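Novice: The structure file target28.cif (mmCIF, C-alpha atoms) is provided below.
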```cif
data_coords
loop_
_atom_site.group_PDB
_atom_site.id
_atom_site.type_symbol
_atom_site.label_atom_id
_atom_site.label_comp_id
_atom_site.auth_asym_id
_atom_site.auth_seq_id
_atom_site.Cartn_x
_atom_site.Cartn_y
_atom_site.Cartn_z
ATOM 1 C CA MET C 130 166.216 170.141 -17.263
ATOM 2 C CA THR C 131 165.581 173.812 -16.509
ATOM 3 C CA GLU C 132 162.274 173.040 -14.814
ATOM 4 C CA ILE C 133 163.844 170.373 -12.611
ATOM 5 C CA TYR C 134 166.600 172.799 -11.671
ATOM 6 C CA GLN C 135 164.113 175.482 -10.664
ATOM 7 C CA ILE C 136 161.852 173.114 -8.742
ATOM 8 C CA ILE C 137 164.338 170.822 -6.992
ATOM 9 C CA ILE C 138 167.994 171.678 -7.383
ATOM 10 C CA PHE C 139 167.947 175.457 -6.873
ATOM 11 C CA PRO C 140 165.945 175.337 -3.593
ATOM 12 C CA ALA C 141 168.146 172.466 -2.358
ATOM 13 C CA CYS C 142 171.277 174.513 -3.057
ATOM 14 C CA ARG C 143 169.831 177.499 -1.185
ATOM 15 C CA GLN C 144 168.981 175.225 1.741
ATOM 16 C CA ASN C 145 172.543 173.885 1.786
ATOM 17 C CA GLN C 146 173.861 177.459 1.857
ATOM 18 C CA LYS C 147 171.692 178.199 4.895
ATOM 19 C CA ILE C 148 172.923 175.057 6.650
ATOM 20 C CA ASP C 149 176.538 175.933 5.859
ATOM 21 C CA GLY C 150 175.942 179.405 7.318
ATOM 22 C CA ILE C 151 174.501 177.954 10.528
ATOM 23 C CA VAL C 152 177.428 175.536 10.885
ATOM 24 C CA ALA C 153 179.901 178.397 10.357
ATOM 25 C CA LEU C 154 178.084 180.502 12.965
ATOM 26 C CA LEU C 155 178.146 177.557 15.392
ATOM 27 C CA LYS C 156 181.921 177.242 14.973
ATOM 28 C CA GLN C 157 182.415 180.997 15.440
ATOM 29 C CA ALA C 158 180.267 180.950 18.578
ATOM 30 C CA GLU C 159 182.232 177.978 19.926
ATOM 31 C CA ILE C 160 185.553 179.797 19.514
ATOM 32 C CA PHE C 161 184.139 183.048 20.931
ATOM 33 C CA ILE C 162 182.555 181.428 24.006
ATOM 34 C CA LYS C 163 185.654 179.307 24.717
ATOM 35 C CA GLU C 164 187.773 182.459 24.545
ATOM 36 C CA LYS C 165 185.519 184.765 26.583
ATOM 37 C CA THR C 166 183.949 182.387 29.133
ATOM 38 C CA PRO C 167 185.777 179.052 29.120
ATOM 39 C CA ASP C 168 184.274 178.181 32.513
ATOM 40 C CA ILE C 169 180.741 177.868 31.074
ATOM 41 C CA TYR C 170 181.597 176.463 27.640
ATOM 42 C CA SER C 171 180.370 172.993 26.815
ATOM 43 C CA LYS C 172 179.470 171.434 23.503
ATOM 44 C CA GLU C 173 176.080 170.478 24.943
ATOM 45 C CA LEU C 174 175.294 174.070 25.966
ATOM 46 C CA LEU C 175 176.250 175.398 22.557
ATOM 47 C CA GLU C 176 174.197 172.762 20.748
ATOM 48 C CA MET C 177 171.223 173.461 23.001
ATOM 49 C CA VAL C 178 171.386 177.158 22.132
ATOM 50 C CA PHE C 179 171.531 176.365 18.406
ATOM 51 C CA ARG C 180 168.875 173.622 18.505
ATOM 52 C CA GLN C 181 165.887 175.956 18.806
ATOM 53 C CA PRO C 182 165.314 179.379 17.245
ATOM 54 C CA TYR C 183 165.058 180.616 20.834
ATOM 55 C CA SER C 184 166.501 179.385 24.131
ATOM 56 C CA MET C 185 164.672 179.189 27.414
ATOM 57 C CA ARG C 186 165.980 178.313 30.830
ATOM 58 C CA LYS C 187 163.573 175.359 30.852
ATOM 59 C CA PHE C 188 165.312 173.811 27.821
ATOM 60 C CA LEU C 189 168.605 173.844 29.697
ATOM 61 C CA GLU C 190 166.963 172.532 32.855
ATOM 62 C CA ASP C 191 165.391 169.687 30.871
ATOM 63 C CA ALA C 192 168.876 168.895 29.553
ATOM 64 C CA GLY C 193 170.086 168.449 33.132
ATOM 65 C CA LEU C 194 171.324 171.853 34.288
ATOM 66 C CA VAL C 195 170.255 173.194 37.662
ATOM 67 C CA LYS C 196 167.764 176.097 37.364
ATOM 68 C CA LYS C 197 170.168 178.693 38.776
ATOM 69 C CA THR C 198 173.057 177.459 36.629
ATOM 70 C CA ALA C 199 170.912 177.520 33.486
ATOM 71 C CA GLY C 200 169.881 181.115 34.192
ATOM 72 C CA THR C 201 173.464 182.134 34.905
ATOM 73 C CA TYR C 202 174.724 180.596 31.668
ATOM 74 C CA LEU C 203 172.015 182.282 29.596
ATOM 75 C CA SER C 204 172.732 185.626 31.294
ATOM 76 C CA GLN C 205 176.447 185.302 30.576
ATOM 77 C CA LEU C 206 175.767 184.465 26.927
ATOM 78 C CA GLU C 207 173.481 187.488 26.763
ATOM 79 C CA ASP C 208 176.168 189.709 28.318
ATOM 80 C CA LEU C 209 178.604 188.491 25.633
ATOM 81 C CA GLY C 210 176.109 189.344 22.901
ATOM 82 C CA VAL C 211 175.690 185.716 21.820
ATOM 83 C CA LEU C 212 172.007 185.808 22.817
ATOM 84 C CA THR C 213 169.463 188.581 23.108
ATOM 85 C CA GLY C 214 167.005 188.384 25.985
ATOM 86 C CA LEU C 215 163.326 188.756 25.284
ATOM 87 C CA ARG C 216 160.428 188.516 27.689
ATOM 88 C CA VAL C 217 157.358 186.695 26.346
ATOM 89 C CA GLY C 218 154.526 186.549 28.855
ATOM 90 C CA LYS C 219 155.942 185.170 32.077
ATOM 91 C CA ASP C 220 158.960 183.561 30.399
ATOM 92 C CA ASN C 221 162.286 184.949 29.303
ATOM 93 C CA CYS C 222 163.297 183.663 25.886
#
```
Please go through the file and, once you have read it, give me the structure as structure tokens.
Specialist:
Amino acid sequence: MTEIYQIIIFPACRQNQKIDGIVALLKQAEIFIKEKTPDIYSKELLEMVFRQPYSMRKFLEDAGLVKKTAGTYLSQLEDLGVLTGLRVGKDNC
């Protein structure tokens, strides 16, 4: 039983803890963004930000936001400290 625990159960429990942490962070971000910038908050925007380990304007554009709006939303989230801007090559991530 100890071997099974070490191989399967323990890593699964750690993975569940990580998922629980991400879900908690998502809920905190939702409350924070609704409070600070209710005009840009949408469930879709928040999920898009949490879907990838980084967010690019193109991801938001592909989801249906206008290029300027996508950039504005990402800038506002960066100003709030929800995101940190990083330039990689020609793209901002």
Novice: Run the PyMOL selection byres ((chain C and resi 172) around 12) mentally over the shown coordinates, then write out the matched residues as a list in words, using the chain letters and numbers from the document.
Specialist: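 Applied to this file, the PyMOL selection byres ((chain C and resi 172) around 12) selects Leu155, Lys156, Ala158, Glu159, Ile160, Ile162, Lys163, Pro167, Ile169, Tyr170, Ser171, Glu173, Leu174, Leu175, Glu176, Met177, Val178, Phe179 and Arg180 of chain C.
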Novice: Could you save those same residues with C-alpha atoms as a short mmCIF file (atom, residue, chain, number, x, y, z; two decimals), keeping the file's coordinate frame?
Specialist:
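Dumped everything to result.cif:
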```cif
data_model
loop_
_atom_site.label_atom_id
_atom_site.label_comp_id
_atom_site.auth_asym_id
_atom_site.auth_seq_id
_atom_site.Cartn_x
_atom_site.Cartn_y
_atom_site.Cartn_z
CA LEU C 155 178.15 177.56 15.39
CA LYS C 156 181.92 177.24 14.97
CA ALA C 158 180.27 180.95 18.58
CA GLU C 159 182.23 177.98 19.93
CA ILE C 160 185.55 179.80 19.51
CA ILE C 162 182.56 181.43 24.01
CA LYS C 163 185.65 179.31 24.72
CA PRO C 167 185.78 179.05 29.12
CA ILE C 169 180.74 177.87 31.07
CA TYR C 170 181.60 176.46 27.64
CA SER C 171 180.37 172.99 26.82
CA GLU C 173 176.08 170.48 24.94
CA LEU C 174 175.29 174.07 25.97
CA LEU C 175 176.25 175.40 22.56
CA GLU C 176 174.20 172.76 20.75
CA MET C 177 171.22 173.46 23.00
CA VAL C 178 171.39 177.16 22.13
CA PHE C 179 171.53 176.36 18.41
CA ARG C 180 168.88 173.62 18.50
#
```
Novice: C:Ala141, C:Ala153, C:Leu215, C:Leu189: which is nearest Tyr202 (chain C), counting all atoms listed in the file?
Specialist: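 That would be C:Leu189, the residue with the smallest distance to Tyr202 (chain C).
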Novice: For the file shown, report as a count of residues only the outcome of the PyMOL selection byres ((chain C and resi 201) around 12) at residue level.
Specialist: 21
Novice: Could you work out how far CA of Asp191 (chain C) lies from CA of Gly210 (chain C), giving the answer in Å with one decimal?
Specialist: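 We find that CA of Gly210 (chain C) and CA of Asp191 (chain C) lie 23.8 Å from each other.
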Novice: When you draw a straight line from CA of Leu212 (chain C) to CA of Gln181 (chain C), how long is it in Å?
Specialist: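 Taking CA of Leu212 (chain C) and CA of Gln181 (chain C), their separation equals 12.3 Å.
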Novice: Could you tell me how far CA of Ser184 (chain C) sits from CA of Gly214 (chain C), in Å to one decimal place?
Specialist: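 Computing it gives 9.2 Å between the two atoms.
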